[in-house]
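Visitor: I have a structure here, written as structure tokens, and I will follow up with some questions on it.
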Amino acid sequence: MTEAPQKSPLASPEPWDLVCDAYVAELWEMFSAFAQKALDLAALETHSEVLDVAAGPGPLALDAARRARRVVAVDFSAGMLEELTRRARAATLDNVETLQADGQALPLPDASFDAAFSMFGVIFFPDRARGFRELLRVLRPGGRAVVSSWRPFENVPELRLPFRVLVEKMPELPFGRTKAPLGEPEEIVAEMQQAGFTAIEVHPVSHVAVAPSPEAFWASMERSTVHFLLLKRRIGEERWKELSEAILARVVQELGPGEVHVEYKALLGTGLRP
Ligand SMILES: C[S@@+](CC[C@H](N)C(=O)[O-])C[C@H]1O[C@@H](n2cnc3c(N)ncnc32)[C@H](O)[C@@H]1O
């Protein structure tokens with residue numbers, strides 16, 4: 001008998017609701033930097049209608065709203081969309097609509113957007129092919145999709161280190177055993193082509209975030225990494241505290257004193273609806 005593939009815990013909204021506040025506090029600047037690069041590739045016009053799928057708290061959607069006529073931000077996490085709405089109000093942006101929905105089944109009409117984004121979103125979909133087909137379907141002919149993914153973790157040793165320590169302590173954890181979804185340019189090209197996009201391009205992009213010390217680096221990563229929040233909930237505060245101390249000791253030992261520079265490496269894939 002073959003085992004059914006396990007559904008990733010990140011394929012449901014709860015963990016994203018859980019991480020939302022820390023995500024905004026710790027990671028907004030980094031995600032915003034990638035959003036800017038994605039928006040620059042899309043060349044929006046003031047009359048453009050824009051879709052942001054898996055919008056999170058809105059680093060891309062809010063900036064798009066400053067450049068375009070209308071933005072629809074879709075996410076399945078109510079917490080993320082509440083944060084996005086709060087931020088849109090604070091910035092007096094009245095052209096952003098939110099829609100709580102699954103990015104694999106968009107409740108939106110065909111051919112209704114000039115640009116469609118999924119920033120670090122489609123990579124979490126259990127059925128990515130469907131996610132890509134949905135992006136294509138809602139675009140007008142000639143409309144452009146932009147999606148982003150992470151390069152494999154091996155490329156960012158600072159981020160990999162805490163996961164390495166965890167697996168040493170708890171070898172049953174799956175960290176490091178799964179392949180980064182769409183981590184290689186040719187995977188983006190193949191999946192966008194399969195969905196029906198043309199003129200596909202992939203752009204490697206990076207952003208350096210600086211933490212003032214190894215302690216600050218680990219505190220930030222501990223708070224804002226959804227995998228760690230889920231693990232902590234599963235094993236309890238006390239066991240997590242032990243693990244966290246062990247990780248910190250290794251972070252200090254391996255990264256040394258002083259600032260920690262982390263180069264986040266991503267890929268931006270673009271394609272047109274024929
Ligand atoms: C890493 S965050 C990225 C958020 C935002 N695009 C950004 O760049 O900051 C991933 C987001 O995808 C959303 N998400 C994951 N799977 C989804 C799905 N099937 N449908 C809708 N949203 C989804 C999560 O709720 C979360 O807000």
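We name chains A, B, ... following the order of the structure tokens; residues begin at 1 in each chain, and ligands are numbered from 1 as shown.
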Could you list, as a PyMOL selection string, all the residues within 8 Å of ligand 1, counting only C-alpha atoms and all ligand atoms?
Guide: chain A and resi 10-13+15-17+20+27-28+31-32+34-35+52-60+74-77+80+100-104+118-126
Visitor: Could you pull the residues within 9 Å of A:Leu267, counting only C-alpha atoms, minus those fewer than 6 positions along the same chain, as a list of chain:residue names?
Guide: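 Near neighbours after the sequence-gap exclusion: A:Val147, A:Ser148, A:Ser149, A:Trp150, A:Arg151, A:Leu182, A:Gly183, A:Glu184, A:Pro185, A:Ile188, A:Val202, A:His203, A:Pro204, A:Val205, A:Ser206.
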Visitor: With N, CA, C and O atoms retained, write the just-selected residues as a short mmCIF file (atom, residue, chain, number, x, y, z; two decimals), in the first residue's frame.
Guide:
data_model
loop_
_atom_site.label_atom_id
_atom_site.label_comp_id
_atom_site.auth_asym_id
_atom_site.auth_seq_id
_atom_site.Cartn_x
_atom_site.Cartn_y
_atom_site.Cartn_z
N VAL A 147 5.65 35.86 -10.39
CA VAL A 147 5.64 35.00 -9.20
C VAL A 147 7.05 34.97 -8.61
O VAL A 147 8.03 35.17 -9.33
N SER A 148 7.12 34.69 -7.32
CA SER A 148 8.45 34.60 -6.72
C SER A 148 8.61 33.33 -5.91
O SER A 148 7.63 32.76 -5.42
N SER A 149 9.86 32.89 -5.80
CA SER A 149 10.18 31.69 -5.01
C SER A 149 11.53 31.92 -4.34
O SER A 149 12.27 32.84 -4.70
N TRP A 150 11.84 31.06 -3.38
CA TRP A 150 13.16 31.14 -2.72
C TRP A 150 14.14 30.21 -3.42
O TRP A 150 13.77 29.10 -3.81
N ARG A 151 15.38 30.66 -3.52
CA ARG A 151 16.45 29.75 -3.93
C ARG A 151 16.63 28.72 -2.81
O ARG A 151 16.28 29.00 -1.66
N LEU A 182 10.08 25.39 -6.78
CA LEU A 182 10.45 26.39 -7.79
C LEU A 182 11.77 27.08 -7.45
O LEU A 182 11.98 28.25 -7.76
N GLY A 183 12.67 26.34 -6.80
CA GLY A 183 13.95 26.93 -6.38
C GLY A 183 14.94 27.12 -7.52
O GLY A 183 15.93 27.82 -7.38
N GLU A 184 14.67 26.49 -8.68
CA GLU A 184 15.58 26.61 -9.84
C GLU A 184 14.84 27.31 -10.98
O GLU A 184 13.66 27.04 -11.21
N PRO A 185 15.53 28.18 -11.73
CA PRO A 185 14.88 28.93 -12.80
C PRO A 185 14.13 28.03 -13.79
O PRO A 185 13.01 28.34 -14.21
N ILE A 188 10.59 27.13 -12.81
CA ILE A 188 9.61 28.21 -13.02
C ILE A 188 9.20 28.24 -14.48
O ILE A 188 8.02 28.30 -14.82
N VAL A 202 13.09 34.59 -16.08
CA VAL A 202 13.33 34.41 -14.65
C VAL A 202 14.49 35.31 -14.23
O VAL A 202 15.54 35.31 -14.87
N HIS A 203 14.27 36.09 -13.18
CA HIS A 203 15.28 37.04 -12.71
C HIS A 203 15.72 36.68 -11.29
O HIS A 203 14.87 36.70 -10.38
N PRO A 204 17.00 36.37 -11.10
CA PRO A 204 17.47 36.17 -9.72
C PRO A 204 17.57 37.53 -9.02
O PRO A 204 18.07 38.49 -9.61
N VAL A 205 17.07 37.61 -7.81
CA VAL A 205 17.12 38.87 -7.06
C VAL A 205 17.51 38.55 -5.62
O VAL A 205 17.29 37.44 -5.15
N SER A 206 18.10 39.55 -4.94
CA SER A 206 18.45 39.29 -3.54
C SER A 206 18.28 40.56 -2.72
O SER A 206 18.20 41.67 -3.26
#
Visitor: Write out as CSV a residue-level contact list of stretch 169-221 of chain A versus stretch 231-254 of chain A with cut-off 8 Å: for each qualifying residue the closest pair of atoms and the distance in Å to one decimal, counting only C-alpha atoms, rows sorted by chain and residue number upward.
Guide:
residue,atom,partner,partner_atom,distance
A:Lys169,CA,A:Leu243,CA,7.8
A:Pro214,CA,A:Val252,CA,5.6
A:Glu215,CA,A:Leu248,CA,6.8
A:Trp218,CA,A:Leu248,CA,6.4
Visitor: Could you pull out the residues in stretch 170-219 of chain A that DSSP calls helix (DSSP H, G or I) from the backbone, as a list in words?
Guide: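 Answer for stretch 170-219 of chain A restricted to helix (DSSP H, G or I) is Pro185, Glu186, Glu187, Ile188, Val189, Ala190, Glu191, Met192, Gln193, Gln194, Ala195, Pro214, Glu215, Ala216, Phe217, Trp218 and Ala219 of chain A.
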Visitor: Put those residues in a file: all heavy atoms, as a short mmCIF file (atom, residue, chain, number, x, y, z; two decimals), in the first residue's frame.
Guide:
data_model
loop_
_atom_site.label_atom_id
_atom_site.label_comp_id
_atom_site.auth_asym_id
_atom_site.auth_seq_id
_atom_site.Cartn_x
_atom_site.Cartn_y
_atom_site.Cartn_z
N PRO A 185 15.53 28.18 -11.73
CA PRO A 185 14.88 28.93 -12.80
C PRO A 185 14.13 28.03 -13.79
O PRO A 185 13.01 28.34 -14.21
CB PRO A 185 16.03 29.64 -13.50
CG PRO A 185 17.11 29.73 -12.48
CD PRO A 185 16.95 28.56 -11.56
N GLU A 186 14.74 26.87 -14.14
CA GLU A 186 14.10 26.04 -15.16
C GLU A 186 12.77 25.45 -14.67
O GLU A 186 11.88 25.15 -15.47
CB GLU A 186 15.04 24.95 -15.70
CG GLU A 186 15.76 24.10 -14.70
CD GLU A 186 17.01 24.75 -14.10
OE1 GLU A 186 17.20 25.98 -14.23
OE2 GLU A 186 17.79 24.02 -13.47
N GLU A 187 12.62 25.33 -13.34
CA GLU A 187 11.33 24.83 -12.82
C GLU A 187 10.23 25.88 -13.01
O GLU A 187 9.09 25.56 -13.33
CB GLU A 187 11.46 24.48 -11.34
CG GLU A 187 12.35 23.26 -11.12
CD GLU A 187 12.78 23.08 -9.66
OE1 GLU A 187 12.47 23.95 -8.82
OE2 GLU A 187 13.43 22.07 -9.39
N ILE A 188 10.59 27.13 -12.81
CA ILE A 188 9.61 28.21 -13.02
C ILE A 188 9.20 28.24 -14.48
O ILE A 188 8.02 28.30 -14.82
CB ILE A 188 10.17 29.58 -12.57
CG1 ILE A 188 10.48 29.54 -11.07
CG2 ILE A 188 9.20 30.70 -12.92
CD1 ILE A 188 10.88 30.87 -10.48
N VAL A 189 10.21 28.18 -15.37
CA VAL A 189 9.92 28.22 -16.81
C VAL A 189 8.99 27.06 -17.17
O VAL A 189 7.95 27.25 -17.82
CB VAL A 189 11.23 28.16 -17.64
CG1 VAL A 189 10.92 28.01 -19.11
CG2 VAL A 189 12.08 29.40 -17.39
N ALA A 190 9.33 25.85 -16.70
CA ALA A 190 8.53 24.67 -17.09
C ALA A 190 7.09 24.80 -16.60
O ALA A 190 6.14 24.54 -17.34
CB ALA A 190 9.18 23.41 -16.53
N GLU A 191 6.92 25.23 -15.34
CA GLU A 191 5.55 25.26 -14.80
C GLU A 191 4.73 26.40 -15.39
O GLU A 191 3.52 26.26 -15.60
CB GLU A 191 5.58 25.32 -13.27
CG GLU A 191 6.15 24.02 -12.70
CD GLU A 191 5.92 23.82 -11.20
OE1 GLU A 191 5.02 24.45 -10.63
OE2 GLU A 191 6.67 23.00 -10.62
N MET A 192 5.37 27.52 -15.70
CA MET A 192 4.62 28.62 -16.32
C MET A 192 4.25 28.25 -17.76
O MET A 192 3.14 28.53 -18.22
CB MET A 192 5.40 29.94 -16.27
CG MET A 192 5.49 30.49 -14.85
SD MET A 192 6.14 32.18 -14.74
CE MET A 192 4.66 33.17 -14.96
N GLN A 193 5.19 27.59 -18.43
CA GLN A 193 4.92 27.15 -19.81
C GLN A 193 3.75 26.17 -19.83
O GLN A 193 2.83 26.29 -20.63
CB GLN A 193 6.15 26.43 -20.33
CG GLN A 193 6.62 26.91 -21.67
CD GLN A 193 8.08 26.51 -21.89
OE1 GLN A 193 8.56 25.51 -21.34
NE2 GLN A 193 8.77 27.29 -22.69
N GLN A 194 3.80 25.23 -18.92
CA GLN A 194 2.75 24.21 -18.80
C GLN A 194 1.37 24.85 -18.61
O GLN A 194 0.38 24.40 -19.16
CB GLN A 194 3.10 23.35 -17.58
CG GLN A 194 2.16 22.20 -17.29
CD GLN A 194 2.51 21.01 -18.17
OE1 GLN A 194 3.68 20.77 -18.41
NE2 GLN A 194 1.51 20.32 -18.65
N ALA A 195 1.35 25.95 -17.85
CA ALA A 195 0.08 26.63 -17.57
C ALA A 195 -0.41 27.41 -18.78
O ALA A 195 -1.58 27.80 -18.85
CB ALA A 195 0.22 27.55 -16.37
N PRO A 214 24.23 38.34 16.71
CA PRO A 214 23.68 37.00 16.52
C PRO A 214 22.44 36.76 17.38
O PRO A 214 21.51 36.08 16.95
CB PRO A 214 24.82 36.06 16.92
CG PRO A 214 25.93 36.89 17.42
CD PRO A 214 25.64 38.32 17.15
N GLU A 215 22.42 37.37 18.57
CA GLU A 215 21.26 37.20 19.45
C GLU A 215 20.02 37.82 18.80
O GLU A 215 18.94 37.23 18.81
CB GLU A 215 21.50 37.88 20.83
CG GLU A 215 22.52 37.20 21.71
CD GLU A 215 23.98 37.56 21.36
OE1 GLU A 215 24.19 38.39 20.43
OE2 GLU A 215 24.89 37.00 21.98
N ALA A 216 20.18 39.02 18.25
CA ALA A 216 19.04 39.69 17.61
C ALA A 216 18.60 38.91 16.37
O ALA A 216 17.40 38.78 16.09
CB ALA A 216 19.42 41.12 17.23
N PHE A 217 19.58 38.37 15.65
CA PHE A 217 19.26 37.58 14.45
C PHE A 217 18.38 36.39 14.84
O PHE A 217 17.32 36.15 14.25
CB PHE A 217 20.55 37.11 13.78
CG PHE A 217 20.36 35.97 12.83
CD1 PHE A 217 19.73 36.18 11.61
CD2 PHE A 217 20.77 34.68 13.16
CE1 PHE A 217 19.52 35.12 10.72
CE2 PHE A 217 20.55 33.62 12.29
CZ PHE A 217 19.92 33.83 11.06
N TRP A 218 18.81 35.63 15.87
CA TRP A 218 18.04 34.44 16.23
C TRP A 218 16.67 34.83 16.84
O TRP A 218 15.65 34.21 16.53
CB TRP A 218 18.85 33.52 17.18
CG TRP A 218 17.99 32.43 17.74
CD1 TRP A 218 17.77 32.14 19.04
CD2 TRP A 218 17.18 31.48 16.99
NE1 TRP A 218 16.89 31.10 19.18
CE2 TRP A 218 16.51 30.67 17.93
CE3 TRP A 218 16.94 31.26 15.63
CZ2 TRP A 218 15.63 29.65 17.57
CZ3 TRP A 218 16.06 30.24 15.26
CH2 TRP A 218 15.42 29.46 16.22
N ALA A 219 16.63 35.88 17.65
CA ALA A 219 15.35 36.30 18.25
C ALA A 219 14.34 36.62 17.15
O ALA A 219 13.16 36.23 17.22
CB ALA A 219 15.56 37.50 19.16
#
Visitor: Give me, as a list in words, all polymer residues having an atom no more than 6 Å from A:Ile200, counting only C-alpha atoms and skipping those fewer than 2 positions away in the same chain.
Guide: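 The residues that qualify are Thr198, Thr270 and Gly271 of chain A.
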Visitor: With a distance cut-off of 12 Å and only C-alpha atoms, select the neighbouring residues of A:Arg137, excluding the residue or stretch itself and same-chain residues fewer than 2 positions from it, and output the selection as number ranges by chain.
Guide: A: 51, 104-116, 130-135, 139-145, 195-197, 272-274
Visitor: Skip A:Thr85 itself and residues of its chain fewer than 4 positions away, then list as a PyMOL selection string all residues within 8 Å of it, counting only C-alpha atoms.
Guide: chain A and resi 81+89+98
Visitor: Choose the residue, out of A:Ala91, A:Ala65, A:Leu18, A:Val165, that has the smallest atom-to-atom separation from A:Leu230; count only C-alpha atoms.
Guide: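 Closest residue, counting only C-alpha atoms: A:Leu18.
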Visitor: Could you please determine the separation between atom CA of A:Val210 and atom CA of A:Glu263 in Å, to one decimal place?
Guide: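 Value for the atom CA of A:Val210-atom CA of A:Glu263 distance: 8.8 Å.
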Visitor: Name the residues of stretch 74-183 of chain A that come out as strand (DSSP E or B) in a backbone DSSP run; write them as number ranges by chain.
Guide: A: 74-75, 96-100, 113-119, 139-150
Visitor: For the residues selected in the previous step, produce a file with N, CA and C atoms as a CSV table (one decimal), in the first residue's frame.
Guide:
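In the end it all went to part-v6.csv:
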chain,number,residue,atom,x,y,z
A,74,VAL,N,-5.8,38.8,-2.5
A,74,VAL,CA,-6.5,37.5,-2.1
A,74,VAL,C,-5.5,36.8,-1.2
A,75,ASP,N,-6.1,36.3,-0.1
A,75,ASP,CA,-5.3,35.4,0.8
A,75,ASP,C,-6.3,34.5,1.5
A,96,VAL,N,-7.9,49.4,-2.8
A,96,VAL,CA,-7.5,48.0,-2.5
A,96,VAL,C,-8.7,47.3,-1.9
A,97,GLU,N,-9.1,46.2,-2.6
A,97,GLU,CA,-10.1,45.3,-2.1
A,97,GLU,C,-9.5,44.0,-1.6
A,98,THR,N,-10.0,43.4,-0.5
A,98,THR,CA,-9.5,42.1,-0.1
A,98,THR,C,-10.5,41.0,-0.3
A,99,LEU,N,-10.0,39.8,-0.5
A,99,LEU,CA,-10.9,38.7,-0.8
A,99,LEU,C,-10.3,37.5,-0.1
A,100,GLN,N,-11.0,36.9,0.8
A,100,GLN,CA,-10.5,35.7,1.5
A,100,GLN,C,-10.9,34.5,0.7
A,113,PHE,N,-7.9,41.1,-15.1
A,113,PHE,CA,-6.7,41.9,-14.6
A,113,PHE,C,-5.6,42.1,-15.7
A,114,ASP,N,-4.9,43.2,-15.5
A,114,ASP,CA,-3.8,43.5,-16.4
A,114,ASP,C,-2.5,42.9,-15.9
A,115,ALA,N,-2.4,42.7,-14.6
A,115,ALA,CA,-1.2,42.1,-14.0
A,115,ALA,C,-1.7,41.2,-12.8
A,116,ALA,N,-1.0,40.1,-12.6
A,116,ALA,CA,-1.3,39.2,-11.4
A,116,ALA,C,0.0,38.7,-10.8
A,117,PHE,N,0.1,38.9,-9.5
A,117,PHE,CA,1.3,38.6,-8.7
A,117,PHE,C,1.0,37.4,-7.8
A,118,SER,N,2.0,36.6,-7.5
A,118,SER,CA,2.0,35.8,-6.3
A,118,SER,C,3.4,35.7,-5.7
A,119,MET,N,3.6,36.5,-4.7
A,119,MET,CA,4.9,36.7,-4.1
A,119,MET,C,5.0,35.7,-3.0
A,139,LEU,N,-6.1,36.7,-16.1
A,139,LEU,CA,-5.4,37.8,-16.8
A,139,LEU,C,-6.1,38.1,-18.1
A,140,ARG,N,-6.0,39.4,-18.5
A,140,ARG,CA,-6.5,39.7,-19.9
A,140,ARG,C,-5.4,39.3,-20.8
A,141,PRO,N,-5.7,39.0,-22.1
A,141,PRO,CA,-4.7,38.7,-23.1
A,141,PRO,C,-3.6,39.8,-23.1
A,142,GLY,N,-2.4,39.4,-23.0
A,142,GLY,CA,-1.3,40.4,-23.0
A,142,GLY,C,-0.9,40.8,-21.5
A,143,GLY,N,-1.8,40.3,-20.6
A,143,GLY,CA,-1.5,40.7,-19.2
A,143,GLY,C,-0.3,39.9,-18.6
A,144,ARG,N,0.3,40.4,-17.6
A,144,ARG,CA,1.6,39.8,-17.1
A,144,ARG,C,1.4,39.2,-15.7
A,145,ALA,N,2.0,38.0,-15.5
A,145,ALA,CA,2.0,37.4,-14.2
A,145,ALA,C,3.5,37.5,-13.7
A,146,VAL,N,3.6,37.8,-12.4
A,146,VAL,CA,4.9,37.7,-11.7
A,146,VAL,C,4.8,36.9,-10.5
A,147,VAL,N,5.7,35.9,-10.4
A,147,VAL,CA,5.6,35.0,-9.2
A,147,VAL,C,7.0,35.0,-8.6
A,148,SER,N,7.1,34.7,-7.3
A,148,SER,CA,8.5,34.6,-6.7
A,148,SER,C,8.6,33.3,-5.9
A,149,SER,N,9.9,32.9,-5.8
A,149,SER,CA,10.2,31.7,-5.0
A,149,SER,C,11.5,31.9,-4.3
A,150,TRP,N,11.8,31.1,-3.4
A,150,TRP,CA,13.2,31.1,-2.7
A,150,TRP,C,14.1,30.2,-3.4
Visitor: Expressed in Å to a single decimal, how great is the separation between atom CA of A:Leu173 and atom CA of A:Val208?
Guide: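 Atom CA of A:Val208 lies 28.2 Å from atom CA of A:Leu173.
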Visitor: Could you tell me which of A:Asp21, A:Glu26, A:Glu82, A:Glu259 comes closest to A:Glu158 if we count only C-alpha atoms?
Guide: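 Distance minimum relative to A:Glu158 lands on A:Glu259.
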Visitor: Measure the distance from atom CA of A:Ala38 to atom CA of A:Tyr264 in Å and round it to one decimal.
Guide: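 Here the two named atoms are 15.0 Å from each other.
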Visitor: When distances are computed from only C-alpha atoms, which of A:Thr46, A:Ala78, A:Val262, A:Val138 shows the smallest separation from A:Asn95?
Guide: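 Once distances to A:Asn95 are computed over only C-alpha atoms, the minimum belongs to A:Thr46.
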